[in-house]
Amino acid sequence: MLTELNPGFLMMAGALLVPVLPANLRGAYAVGLSVVVFALIVSLTPGAYGTFELFDFTLTSLRVDRLSLIFAYIFSVAAILGMLYAFHLKDWLQPTMALIYAGAAIAAVFAGDFITLFIGWEITAISSVFLIWAAGTRAGQAAGMRYLIVQVGSGVILLAGILIYAHQTGSIAFNAVSPDDIGGQLILLGIGIKCAFPFLHNWLQDAYPEATITGTVILSAFTTKLAVYALARGFAGTEILIPIGCIMALFPLAYAIVEDDLRRVLAYLLNNQLGFMVVGVGVGTELALNGVGVHAVSHVLYKALLFMSIGAVLYRTGTAKASELGGLWSAMPFTAIITIVATAAMSAPLFAGFVTKSLIISGTAADGHFWAWIVLLLATQGAVFAGLRIIYVTFLAPPAARSTARPIGPELPVNMPAAMIITALACLVVGLIPSTIYSLGPFPVDYKVYKFGYVITQLQALAVTGLAFALAVRHGLLPEPRAARLLDTDWFFRRIAHDTGSTVLLLAVDSIRSAAHQGSNLFHAIERKIHVHYNPEGLLGRTWPTGWMAFWATLMLGAYLLVFYFR
Amino acid sequence: MPDKRQFRLPPQEALPSLQTVITWLAVVIALLLVIELFAGKHGKFAIGDIWGFYAVVSAASCLLVVIAGRVIRALFSKPNDYYDNA
């Protein structure tokens with residue numbers, strides 16, 4: 001029975017118990033539920049389950065195959081790690097919403113049809129926004145609202161695409177979709193928003209840094225990787241995704257290197273790594289798609305680890321702003337080492353990112369996409385450079401050069417370093433035993449990452465990046481952290497639309513006011529007219545005997561009979 | 001409650017100086033470049049098999065990122081309360 005139930009739905013149902021539990025049990029329950037869901041996912045066997053008819057369509061609430069399984073594995077692992085990191089929380093809202101959010105993402109990856117996918121898609125949007133609002137800041141409230149509008153908007157566009165697609169094809173099965181029809185294009189656009197395509201990306205950098213410390217860690221795992229899964233399922237081999245992915249891999253780096261808020265830097269780096277996966281989907285070969293699946297796993301792990309590390313800094317110092325940090329090496333050596341591990345896990349041999357990203361890069365090269373291959377090589381080292389900057393400005397740079405040296409707060413609750421250590425070990429295990437993760441990929445491919453020539457050249461690349469960074473620091477070429485707001489595409493809706501909207505609103509209010517003033521006589525006339533008919537003695541206001549009602553009902557039935565007879 | 005300890009500068013003896021890091025990295029790169037001469041490479045693209053190709057791409061990437069970052073800062077950097085005053 002349980003093996004035929006979508007584990008995501010079970011997780012969502014289980015989440016509803018959190019509010020009624022005593023505060024000190026919530027953390028253990030959230031971790032326990034995530035472990036149970038992970039065990040359920042591991043016990044699933046490939047096939048289609050939970051199939052039923054709705055109107056003329058067949059719904060498959062649980063489709064288990066290699067592609068859905070690898071994303072479900074990492075989502076459930078991310079839930080366990082995220083819940084462990086958030087173990088110390090005493091409020092009910094965050095664990096409840098985080099579990100619903102993770103459950104919805106798992107439900108969506110197991111969806112065999114578009115309706116189930118859409119349900120999971122929208123629940124992820126609605127539940128996750130509470131992790132942003134829970135921060136309780138004014139900026140968080142506003143960013144959460146913008147995030148919700150974008151996320152629900154993506155769902156609405158997805159739904160419009162699904163309806164057109166279902167009308168055109170007569171099926172709502174969630175399989176490969178043609179991007180040539182308007183239905184397919186709308187579905188691609190809906191997914192593209194959630195996947196942070198260029199110009200549709202800024203909700204990510206806008207909202208994630210405003211969430212709670214634990215909320216950002218949880219947010220980093222699900223929404224965008226759900227979109228990557230949907231792309232891999234629906235649009236594998238769609239060539240337009242290659243240039244889109246290349247832009248995603250490159251442009252966020254320019255922001256990451258000068259952005260002041262380190263959680264926003266990580267959001268830009270998240271965007272950059274999504275670019276790799278989008279290129280992999282665009283290439284669409286088995287090697288590349290395998291790369292997408294396994295890189296999603298690595299990426300969830302090391303990105304969560306980076307957010308955990310910066311979250312730890314934020315927890316103890318009250319800030320994640322580069323311009324307010326520095327010199328934390330001696331005060332937070334553990335967090336510093338974890339941040340170094342997480343940065344190494346992006347691209348260094350022996351760590352997760354190296355063994356998984358190589359599949360996408362090799363897949364891109366093997367399929368003959370020369371320029372995309374060059375872009376991915378550039379983007380790999382650019383991301384490492386930006387990662388080194390995080391380590392430098394937080395732990396190594398002299399704090400005296402910063403505007404404020406902040407006091408160090410209380411030690412981290414023990415669950416936070418525990419989650420960080422486990423995640424770091426996971427990054428290391430994936431990197432040391434790549435065959436394990438490769439065997440879980442969407443397609444069984446034989447790929448050897450630790451080839452002597454390849455490792456040597458990659459170490460070279462890393463060492464040159466390290467040297468370039470050290471030289472940039474020494475010669476003052478590294479952009480100095482500066483408290484500032486970098487304008488991104490959010491400018492269009494936060495400034496232009498706001499200003500235009502304000503003007504339109506003011507004009508509208510003015511015109512309504514003047515119309516109301518000038519037309520007050522008209523309103524009075526209408527009011528008098530209404531009063532004539534609706535006053536207690538008026539035609540429509542007075543009481544009528546029931547006989548009249550029976551008379552009119554009989555008359556109408558008679559009229560109906562006549563119309564029916566002559567028709 | 002946060003205590004009153006301030007950030008301390010990293011003890012000089014605990015961390016290697018920038019110059020030491022630069023020297024060691026240069027040595028490592030030189031060694032790796034020498035080893036590369038003896039490593040068999042059979043990439044998809046011939047350019048990838050050129051000696052030192054990955055080192056050059058890496059250096060180019062760092063340069064591009066720094067330049068692009070400075071351009072972004074020059075063009076799009078505003079005070080923190082920019083949107084609050086909208």
# chains A, B, ... in the order shown; residues from 1 in each chain; ligands from 1

$ select_by_dssp --residues "chain B" --states "helix (DSSP H, G or I)" --output "PDB file with N, CA, C and O atoms, in the first residue's frame"
ATOM      1  N   LEU B  18      50.650  36.121   2.328  1.00  0.00           N
ATOM      2  CA  LEU B  18      50.176  36.128   0.946  1.00  0.00           C
ATOM      3  C   LEU B  18      51.322  35.776  -0.002  1.00  0.00           C
ATOM      4  O   LEU B  18      51.138  35.034  -0.974  1.00  0.00           O
ATOM      5  N   GLN B  19      52.504  36.314   0.310  1.00  0.00           N
ATOM      6  CA  GLN B  19      53.663  36.052  -0.554  1.00  0.00           C
ATOM      7  C   GLN B  19      53.998  34.563  -0.582  1.00  0.00           C
ATOM      8  O   GLN B  19      54.283  34.004  -1.640  1.00  0.00           O
ATOM      9  N   THR B  20      53.902  33.910   0.595  1.00  0.00           N
ATOM     10  CA  THR B  20      54.180  32.465   0.654  1.00  0.00           C
ATOM     11  C   THR B  20      53.175  31.704  -0.204  1.00  0.00           C
ATOM     12  O   THR B  20      53.551  30.795  -0.954  1.00  0.00           O
ATOM     13  N   VAL B  21      51.911  32.094  -0.091  1.00  0.00           N
ATOM     14  CA  VAL B  21      50.860  31.434  -0.879  1.00  0.00           C
ATOM     15  C   VAL B  21      51.153  31.590  -2.367  1.00  0.00           C
ATOM     16  O   VAL B  21      51.092  30.618  -3.141  1.00  0.00           O
ATOM     17  N   ILE B  22      51.486  32.812  -2.758  1.00  0.00           N
ATOM     18  CA  ILE B  22      51.748  33.078  -4.174  1.00  0.00           C
ATOM     19  C   ILE B  22      52.935  32.244  -4.660  1.00  0.00           C
ATOM     20  O   ILE B  22      52.871  31.606  -5.720  1.00  0.00           O
ATOM     21  N   THR B  23      53.994  32.206  -3.865  1.00  0.00           N
ATOM     22  CA  THR B  23      55.189  31.447  -4.258  1.00  0.00           C
ATOM     23  C   THR B  23      54.861  29.968  -4.422  1.00  0.00           C
ATOM     24  O   THR B  23      55.196  29.354  -5.434  1.00  0.00           O
ATOM     25  N   TRP B  24      54.175  29.407  -3.426  1.00  0.00           N
ATOM     26  CA  TRP B  24      53.867  27.980  -3.473  1.00  0.00           C
ATOM     27  C   TRP B  24      52.943  27.639  -4.642  1.00  0.00           C
ATOM     28  O   TRP B  24      53.129  26.623  -5.310  1.00  0.00           O
ATOM     29  N   LEU B  25      51.953  28.493  -4.869  1.00  0.00           N
ATOM     30  CA  LEU B  25      51.039  28.229  -5.987  1.00  0.00           C
ATOM     31  C   LEU B  25      51.799  28.272  -7.310  1.00  0.00           C
ATOM     32  O   LEU B  25      51.564  27.456  -8.205  1.00  0.00           O
ATOM     33  N   ALA B  26      52.711  29.225  -7.438  1.00  0.00           N
ATOM     34  CA  ALA B  26      53.503  29.321  -8.670  1.00  0.00           C
ATOM     35  C   ALA B  26      54.327  28.052  -8.872  1.00  0.00           C
ATOM     36  O   ALA B  26      54.405  27.520  -9.992  1.00  0.00           O
ATOM     37  N   VAL B  27      54.893  27.546  -7.773  1.00  0.00           N
ATOM     38  CA  VAL B  27      55.691  26.308  -7.860  1.00  0.00           C
ATOM     39  C   VAL B  27      54.797  25.140  -8.290  1.00  0.00           C
ATOM     40  O   VAL B  27      55.150  24.353  -9.177  1.00  0.00           O
ATOM     41  N   VAL B  28      53.629  25.051  -7.648  1.00  0.00           N
ATOM     42  CA  VAL B  28      52.697  23.953  -7.963  1.00  0.00           C
ATOM     43  C   VAL B  28      52.273  24.014  -9.430  1.00  0.00           C
ATOM     44  O   VAL B  28      52.258  22.999 -10.141  1.00  0.00           O
ATOM     45  N   ILE B  29      51.977  25.230  -9.898  1.00  0.00           N
ATOM     46  CA  ILE B  29      51.546  25.375 -11.301  1.00  0.00           C
ATOM     47  C   ILE B  29      52.678  24.948 -12.238  1.00  0.00           C
ATOM     48  O   ILE B  29      52.445  24.222 -13.221  1.00  0.00           O
ATOM     49  N   ALA B  30      53.884  25.364 -11.912  1.00  0.00           N
ATOM     50  CA  ALA B  30      55.030  24.996 -12.754  1.00  0.00           C
ATOM     51  C   ALA B  30      55.176  23.477 -12.812  1.00  0.00           C
ATOM     52  O   ALA B  30      55.347  22.899 -13.892  1.00  0.00           O
ATOM     53  N   LEU B  31      55.054  22.848 -11.648  1.00  0.00           N
ATOM     54  CA  LEU B  31      55.168  21.381 -11.597  1.00  0.00           C
ATOM     55  C   LEU B  31      54.074  20.704 -12.434  1.00  0.00           C
ATOM     56  O   LEU B  31      54.337  19.789 -13.214  1.00  0.00           O
ATOM     57  N   LEU B  32      52.848  21.204 -12.251  1.00  0.00           N
ATOM     58  CA  LEU B  32      51.716  20.609 -12.976  1.00  0.00           C
ATOM     59  C   LEU B  32      51.894  20.793 -14.484  1.00  0.00           C
ATOM     60  O   LEU B  32      51.533  19.917 -15.273  1.00  0.00           O
ATOM     61  N   LEU B  33      52.464  21.939 -14.877  1.00  0.00           N
ATOM     62  CA  LEU B  33      52.684  22.176 -16.304  1.00  0.00           C
ATOM     63  C   LEU B  33      53.730  21.205 -16.849  1.00  0.00           C
ATOM     64  O   LEU B  33      53.602  20.727 -17.981  1.00  0.00           O
ATOM     65  N   VAL B  34      54.723  20.918 -16.026  1.00  0.00           N
ATOM     66  CA  VAL B  34      55.746  19.950 -16.452  1.00  0.00           C
ATOM     67  C   VAL B  34      55.123  18.562 -16.561  1.00  0.00           C
ATOM     68  O   VAL B  34      55.304  17.853 -17.560  1.00  0.00           O
ATOM     69  N   ILE B  35      54.342  18.191 -15.541  1.00  0.00           N
ATOM     70  CA  ILE B  35      53.713  16.853 -15.552  1.00  0.00           C
ATOM     71  C   ILE B  35      52.791  16.718 -16.762  1.00  0.00           C
ATOM     72  O   ILE B  35      52.711  15.663 -17.381  1.00  0.00           O
ATOM     73  N   GLU B  36      52.131  17.836 -17.110  1.00  0.00           N
ATOM     74  CA  GLU B  36      51.174  17.786 -18.218  1.00  0.00           C
ATOM     75  C   GLU B  36      51.848  17.334 -19.516  1.00  0.00           C
ATOM     76  O   GLU B  36      51.221  16.697 -20.366  1.00  0.00           O
ATOM     77  N   LEU B  37      53.133  17.663 -19.639  1.00  0.00           N
ATOM     78  CA  LEU B  37      53.867  17.271 -20.850  1.00  0.00           C
ATOM     79  C   LEU B  37      53.876  15.756 -21.029  1.00  0.00           C
ATOM     80  O   LEU B  37      53.927  15.247 -22.143  1.00  0.00           O
ATOM     81  N   PHE B  38      53.791  15.052 -19.901  1.00  0.00           N
ATOM     82  CA  PHE B  38      53.877  13.583 -19.957  1.00  0.00           C
ATOM     83  C   PHE B  38      52.514  12.913 -19.811  1.00  0.00           C
ATOM     84  O   PHE B  38      52.424  11.692 -19.837  1.00  0.00           O
ATOM     85  N   ALA B  46      40.732  19.645 -30.308  1.00  0.00           N
ATOM     86  CA  ALA B  46      42.197  19.663 -30.379  1.00  0.00           C
ATOM     87  C   ALA B  46      42.787  20.764 -29.503  1.00  0.00           C
ATOM     88  O   ALA B  46      43.846  20.594 -28.894  1.00  0.00           O
ATOM     89  N   ILE B  47      42.062  21.879 -29.402  1.00  0.00           N
ATOM     90  CA  ILE B  47      42.583  23.021 -28.635  1.00  0.00           C
ATOM     91  C   ILE B  47      42.794  22.637 -27.165  1.00  0.00           C
ATOM     92  O   ILE B  47      43.712  23.128 -26.499  1.00  0.00           O
ATOM     93  N   GLY B  48      41.947  21.721 -26.678  1.00  0.00           N
ATOM     94  CA  GLY B  48      42.054  21.286 -25.288  1.00  0.00           C
ATOM     95  C   GLY B  48      43.312  20.476 -25.017  1.00  0.00           C
ATOM     96  O   GLY B  48      43.724  20.335 -23.869  1.00  0.00           O
ATOM     97  N   ASP B  49      43.917  19.962 -26.092  1.00  0.00           N
ATOM     98  CA  ASP B  49      45.129  19.154 -25.921  1.00  0.00           C
ATOM     99  C   ASP B  49      46.401  19.999 -25.986  1.00  0.00           C
ATOM    100  O   ASP B  49      47.498  19.483 -25.778  1.00  0.00           O
ATOM    101  N   PHE B  53      46.612  24.780 -21.898  1.00  0.00           N
ATOM    102  CA  PHE B  53      45.316  25.363 -22.306  1.00  0.00           C
ATOM    103  C   PHE B  53      44.425  25.682 -21.099  1.00  0.00           C
ATOM    104  O   PHE B  53      43.877  26.780 -20.977  1.00  0.00           O
ATOM    105  N   TYR B  54      44.329  24.728 -20.165  1.00  0.00           N
ATOM    106  CA  TYR B  54      43.416  24.922 -19.032  1.00  0.00           C
ATOM    107  C   TYR B  54      43.899  26.038 -18.101  1.00  0.00           C
ATOM    108  O   TYR B  54      43.103  26.765 -17.511  1.00  0.00           O
ATOM    109  N   ALA B  55      45.222  26.171 -18.010  1.00  0.00           N
ATOM    110  CA  ALA B  55      45.766  27.243 -17.181  1.00  0.00           C
ATOM    111  C   ALA B  55      45.418  28.602 -17.782  1.00  0.00           C
ATOM    112  O   ALA B  55      45.039  29.540 -17.066  1.00  0.00           O
ATOM    113  N   VAL B  56      45.515  28.693 -19.106  1.00  0.00           N
ATOM    114  CA  VAL B  56      45.216  29.954 -19.785  1.00  0.00           C
ATOM    115  C   VAL B  56      43.725  30.287 -19.651  1.00  0.00           C
ATOM    116  O   VAL B  56      43.351  31.425 -19.342  1.00  0.00           O
ATOM    117  N   VAL B  57      42.869  29.280 -19.868  1.00  0.00           N
ATOM    118  CA  VAL B  57      41.417  29.499 -19.740  1.00  0.00           C
ATOM    119  C   VAL B  57      41.092  29.985 -18.325  1.00  0.00           C
ATOM    120  O   VAL B  57      40.293  30.908 -18.118  1.00  0.00           O
ATOM    121  N   SER B  58      41.736  29.365 -17.350  1.00  0.00           N
ATOM    122  CA  SER B  58      41.495  29.708 -15.960  1.00  0.00           C
ATOM    123  C   SER B  58      41.886  31.164 -15.670  1.00  0.00           C
ATOM    124  O   SER B  58      41.126  31.911 -15.038  1.00  0.00           O
ATOM    125  N   ALA B  59      43.075  31.538 -16.164  1.00  0.00           N
ATOM    126  CA  ALA B  59      43.531  32.918 -15.961  1.00  0.00           C
ATOM    127  C   ALA B  59      42.585  33.894 -16.648  1.00  0.00           C
ATOM    128  O   ALA B  59      42.208  34.937 -16.082  1.00  0.00           O
ATOM    129  N   ALA B  60      42.159  33.530 -17.868  1.00  0.00           N
ATOM    130  CA  ALA B  60      41.242  34.393 -18.615  1.00  0.00           C
ATOM    131  C   ALA B  60      39.933  34.542 -17.856  1.00  0.00           C
ATOM    132  O   ALA B  60      39.351  35.637 -17.782  1.00  0.00           O
ATOM    133  N   SER B  61      39.471  33.446 -17.263  1.00  0.00           N
ATOM    134  CA  SER B  61      38.213  33.469 -16.529  1.00  0.00           C
ATOM    135  C   SER B  61      38.284  34.439 -15.349  1.00  0.00           C
ATOM    136  O   SER B  61      37.379  35.265 -15.144  1.00  0.00           O
ATOM    137  N   CYS B  62      39.399  34.356 -14.595  1.00  0.00           N
ATOM    138  CA  CYS B  62      39.547  35.237 -13.429  1.00  0.00           C
ATOM    139  C   CYS B  62      39.579  36.701 -13.860  1.00  0.00           C
ATOM    140  O   CYS B  62      38.946  37.561 -13.240  1.00  0.00           O
ATOM    141  N   LEU B  63      40.299  36.957 -14.941  1.00  0.00           N
ATOM    142  CA  LEU B  63      40.403  38.326 -15.451  1.00  0.00           C
ATOM    143  C   LEU B  63      39.027  38.850 -15.872  1.00  0.00           C
ATOM    144  O   LEU B  63      38.615  39.958 -15.514  1.00  0.00           O
ATOM    145  N   LEU B  64      38.307  37.994 -16.602  1.00  0.00           N
ATOM    146  CA  LEU B  64      36.971  38.381 -17.083  1.00  0.00           C
ATOM    147  C   LEU B  64      36.032  38.678 -15.919  1.00  0.00           C
ATOM    148  O   LEU B  64      35.282  39.666 -15.942  1.00  0.00           O
ATOM    149  N   VAL B  65      36.079  37.820 -14.910  1.00  0.00           N
ATOM    150  CA  VAL B  65      35.169  37.984 -13.773  1.00  0.00           C
ATOM    151  C   VAL B  65      35.448  39.307 -13.055  1.00  0.00           C
ATOM    152  O   VAL B  65      34.521  40.055 -12.721  1.00  0.00           O
ATOM    153  N   VAL B  66      36.724  39.610 -12.849  1.00  0.00           N
ATOM    154  CA  VAL B  66      37.066  40.853 -12.141  1.00  0.00           C
ATOM    155  C   VAL B  66      36.651  42.075 -12.968  1.00  0.00           C
ATOM    156  O   VAL B  66      36.044  43.025 -12.444  1.00  0.00           O
ATOM    157  N   ILE B  67      36.936  42.020 -14.280  1.00  0.00           N
ATOM    158  CA  ILE B  67      36.574  43.161 -15.134  1.00  0.00           C
ATOM    159  C   ILE B  67      35.049  43.320 -15.179  1.00  0.00           C
ATOM    160  O   ILE B  67      34.513  44.412 -14.983  1.00  0.00           O
ATOM    161  N   ALA B  68      34.354  42.190 -15.409  1.00  0.00           N
ATOM    162  CA  ALA B  68      32.884  42.247 -15.506  1.00  0.00           C
ATOM    163  C   ALA B  68      32.289  42.740 -14.189  1.00  0.00           C
ATOM    164  O   ALA B  68      31.341  43.537 -14.184  1.00  0.00           O
ATOM    165  N   GLY B  69      32.855  42.288 -13.069  1.00  0.00           N
ATOM    166  CA  GLY B  69      32.364  42.729 -11.765  1.00  0.00           C
ATOM    167  C   GLY B  69      32.521  44.233 -11.597  1.00  0.00           C
ATOM    168  O   GLY B  69      31.610  44.917 -11.109  1.00  0.00           O
ATOM    169  N   ARG B  70      33.659  44.743 -12.032  1.00  0.00           N
ATOM    170  CA  ARG B  70      33.891  46.188 -11.899  1.00  0.00           C
ATOM    171  C   ARG B  70      32.942  46.981 -12.789  1.00  0.00           C
ATOM    172  O   ARG B  70      32.477  48.063 -12.409  1.00  0.00           O
ATOM    173  N   VAL B  71      32.658  46.415 -13.971  1.00  0.00           N
ATOM    174  CA  VAL B  71      31.708  47.082 -14.873  1.00  0.00           C
ATOM    175  C   VAL B  71      30.325  47.108 -14.226  1.00  0.00           C
ATOM    176  O   VAL B  71      29.643  48.145 -14.206  1.00  0.00           O
ATOM    177  N   ILE B  72      29.913  45.959 -13.679  1.00  0.00           N
ATOM    178  CA  ILE B  72      28.599  45.868 -13.025  1.00  0.00           C
ATOM    179  C   ILE B  72      28.522  46.886 -11.883  1.00  0.00           C
ATOM    180  O   ILE B  72      27.522  47.595 -11.721  1.00  0.00           O
ATOM    181  N   ARG B  73      29.603  46.961 -11.100  1.00  0.00           N
ATOM    182  CA  ARG B  73      29.595  47.898  -9.969  1.00  0.00           C
ATOM    183  C   ARG B  73      29.511  49.340 -10.466  1.00  0.00           C
ATOM    184  O   ARG B  73      28.774  50.153  -9.907  1.00  0.00           O
ATOM    185  N   ALA B  74      30.244  49.629 -11.531  1.00  0.00           N
ATOM    186  CA  ALA B  74      30.239  51.002 -12.057  1.00  0.00           C
ATOM    187  C   ALA B  74      28.858  51.382 -12.583  1.00  0.00           C
ATOM    188  O   ALA B  74      28.405  52.514 -12.422  1.00  0.00           O
ATOM    189  N   LEU B  75      28.189  50.410 -13.182  1.00  0.00           N
ATOM    190  CA  LEU B  75      26.909  50.727 -13.832  1.00  0.00           C
ATOM    191  C   LEU B  75      25.719  50.640 -12.879  1.00  0.00           C
ATOM    192  O   LEU B  75      24.795  51.445 -12.955  1.00  0.00           O
ATOM    193  N   PHE B  76      25.729  49.643 -12.024  1.00  0.00           N
ATOM    194  CA  PHE B  76      24.492  49.301 -11.314  1.00  0.00           C
ATOM    195  C   PHE B  76      24.553  49.425  -9.798  1.00  0.00           C
ATOM    196  O   PHE B  76      23.654  48.957  -9.115  1.00  0.00           O
TER     197      PHE B  76
END

$ interface_residues --of "chain A" --to "chain B" --cutoff "7 Å" --atoms "only C-alpha atoms" --output "ChimeraX atom specification"
/A:253-255,257-258,327-331,365-366,378,381-382,385,396,398-399,405-410,452-453,456-457,460-461,463-465,467-468,470,478-479,483-487,495

$ residues_around --residues "Val109 of chain A" --least-positions-apart "2" --cutoff "9 Å" --atoms "only C-alpha atoms" --output "list in words"
Gly8, Leu62, Arg63, Leu67, Ser68, Leu69, Phe71, Ala72, Ala104, Ala105, Ile106, Ala107, Ala111, Gly112, Leu117, Gly120, Leu226, Tyr229 and Ala230 of chain A

$ write_last_selection --atoms "C-alpha atoms" --output "mmCIF file, in the first residue's frame"
data_model
loop_
_atom_site.group_PDB
_atom_site.id
_atom_site.type_symbol
_atom_site.label_atom_id
_atom_site.label_comp_id
_atom_site.auth_asym_id
_atom_site.auth_seq_id
_atom_site.Cartn_x
_atom_site.Cartn_y
_atom_site.Cartn_z
ATOM 1 C CA GLY A 8 5.673 13.495 -1.127
ATOM 2 C CA LEU A 62 3.506 8.055 -8.641
ATOM 3 C CA ARG A 63 5.848 7.432 -11.541
ATOM 4 C CA LEU A 67 15.200 10.245 -13.407
ATOM 5 C CA SER A 68 12.516 10.794 -10.777
ATOM 6 C CA LEU A 69 14.347 8.642 -8.236
ATOM 7 C CA PHE A 71 15.878 13.851 -7.652
ATOM 8 C CA ALA A 72 13.674 12.294 -4.968
ATOM 9 C CA ALA A 104 5.532 19.036 -2.486
ATOM 10 C CA ALA A 105 8.853 18.978 -4.356
ATOM 11 C CA ILE A 106 9.090 15.199 -3.915
ATOM 12 C CA ALA A 107 5.441 14.795 -4.964
ATOM 13 C CA ALA A 111 4.266 13.108 -10.869
ATOM 14 C CA GLY A 112 3.454 11.070 -13.940
ATOM 15 C CA LEU A 117 3.089 18.203 -11.224
ATOM 16 C CA GLY A 120 3.263 20.033 -6.314
ATOM 17 C CA LEU A 226 12.523 20.840 -9.221
ATOM 18 C CA TYR A 229 14.023 18.033 -13.122
ATOM 19 C CA ALA A 230 10.986 19.292 -15.075
#

$ closest_residue --among "A:Leu99, A:Ile338, A:Ala30, A:Ile70" --to "Thr436 of chain A" --atoms "only C-alpha atoms"
A:Ile70

$ atom_distance --atom1 "atom CA of Gly82 of chain A" --atom2 "atom CA of Phe114 of chain A"
28.0 Å

$ closest_residue --among "A:Val375, A:Leu428, A:Ala221, A:Val393" --to "Phe351 of chain A" --atoms "only C-alpha atoms"
A:Leu428

$ residues_around --residues "Ala79 of chain A" --least-positions-apart "3" --cutoff "7 Å" --atoms "only C-alpha atoms" --output "list in words"
Ser34, Phe75, Ser76, Gly82, Met83 and Ala102 of chain A
